[in-house]
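Asker: Can you read through this structure? Questions will come right after.
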Amino acid sequence: MPTTHEVTNQVPPLTGHDVSADPALMEALRREGAGWAEDEVRALGLRAGGAEAQEWGRLAERHSPVLHTHDRYGHRIDEVEFHPYWHELMTVAVRHGLHAAPWAGGRPGAHVARAAKVFVWGQADAGHLCPVSMTYAAVPALRAEPELAAVYEPLLTSSTYDFGLRVPTEKRGIIAGMSMTEKQGGSDVRANTTRAVLTGEPGTYALTGHKWFTSAPMSDVFLTLAQAPGGLSCFLVPRVLPDGSRNAVRLQRLKDKLGNKSNASSEIEYEGALGRLVGEEGRGVATIIRMVNMTRLDCAISSASGMRLGLVQAVHHATHRSAFGARLVEQPLMANVLADLAVEAEAATVAAMRLAGAVDRAAAGDAEEDQLRRLGLAVTKYWVCKRAPAHAAEALECLGGNGYVEDSGMPRLYRESPLPSIWEGSGNVAALDVLRAMAKQPAAVEAFFAEVDRAAGADRRLDAAVTRLRKDLAGLDDPTALQYRARRLVEHLALVLQGSLLVRHGHPAVADAFCASRLDGDWGIAFGTLPAGVDTASIIERGAPVTAGASSPSPSS
């Protein structure tokens, strides 16, 4: 073969690595009370990083779902065809309880264990986690109507993925979706124009209207909003009615999205579709917000997971690629970039897992943890999801031109990264929700600062940041000024929460770098601007991939 075809200085493919070999994740799993799930998380992490699951994700993304509105004879069917590997991904996710399983067992740490499994399995494919997440989030909202919850909750929590449009109560397990936004309103769900009219059957309404975004339209049931006589209300709408006929839910088109292409998102028409009232008439937002709050947790988890994926790819590339006489990972400037990416990823992971712990303890009746969950989720959803696209772009750039081609997988990560920040309320909506929570629930603010203050005295930079934050809050009593500065305030809240968690639980080098850069101001605008004196080698080591069969980094490494 001619010497011009010799391949040198190219990076070996990253396959067969253990996605769960993430010190920050596994430390948090144990710390938050789910150490009992470690073996399952590690097994799932090995599978997620294996060649088979990676190929499932790649092809499910490459071959997007296809809408079939009619069959060959002209009958309306409104079905979506998925690549077979989508179903493989969903089967594994449901079997391992990434959907609604934690609500069934009540075991302490169940929500934390689920969060860790979502974190690792999402690195095979993020798109299929959309219906998985909505199924998880549907249970708290459905419990507003105990009669419906008694029927559907056992099916939502089942470990069987039973695909296909059939009567939900005749299936071995079901998936839930959500249908809220409309073309005229977006996040302003109170502007909904879909109408719900009582039928002759108690609690059953006929819904008519157009929904602009309905994710996972092949789900078995949907929670949706519509205007009933008593005001905006929440309804449970099945795709198939008890008699086996298709409900009048018409799929108009699938969205051609930037990313998340393995998952189907659609526009639908309700043409007198039948739905059951969930909760009280006029209390639709209060009912469905229970679902929204849970999906916000998954937004934070998936963003943190994506950051970890990008970091591992960048460190792997820099470890094997050489330039200017040395491996990239040994070059001081690249070390700065990689360490900065690692700090961001760890900060996102510890915050997301801490809030999964708050969800777990709140579900068990801990009122203070419930208050922390309320404010902490809105804060973390805003900041972690907002950081993900910049993180993905920098990780991609670490691979240079190789990262810009589809074969690297980095463009897929980059396209996916903006979604969690948009899903369930974009940046402004999330920031304003923080203000609303602080105004309406002072106990949530107290719980937040109680959490942050557990690190008081451990790092002067963190202490100073908390003092500044308290002063900012005390000085903002003008509602207009407060709203104008909402993003800045929420960013500050997120950073002190992350700083507190890292100082208390993180690797000393990571905590020091975070406090010096994010809290003490010794940081630039782009990644790779950490101050001098940071232990980049120790930080990067925690971001290195571990191949299957190799020992994972120890908690102190």
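Each chain in the structure tokens gets a letter, A, B and so on, in the order shown; residues start at 1 in every chain, and ligands are counted from 1 in the order they appear.
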Would you mind listing what lies within 12 Å of Pro420 (chain A) as a ChimeraX atom specification, with only C-alpha atoms counted and same-chain residues fewer than 6 positions away left out?

Answerer: /A:126-127,129-130,133,259-260,295-306,380-389,426-427,430

Asker: So how many Å separate CA of Gly275 (chain A) and CA of Gly231 (chain A), to one decimal?

Answerer: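 Result for CA of Gly275 (chain A) versus CA of Gly231 (chain A): 15.6 Å, one decimal.
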
Asker: Write out as a ChimeraX atom specification each polymer residue whose atoms come within 12 Å of Ala149 (chain A), counting only C-alpha atoms; drop sequence neighbours fewer than 4 positions from it.

Answerer: /A:103-104,138-145,153-157,236,276-279

Asker: From the list A:Arg460, A:Arg166, A:Arg172, A:His210, which residue is nearest Glu79 (chain A) when using only C-alpha atoms?

Answerer: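 Using only C-alpha atoms, the shortest distance to Glu79 (chain A) belongs to A:Arg166.
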
Asker: Residues within 9 Å of Asp22 (chain A), please, as a PyMOL selection string. Count only C-alpha atoms; anything in the same chain fewer than 3 positions from it doesn't count.

Answerer: chain A and resi 18-19+25-27+308+542-546+552-553
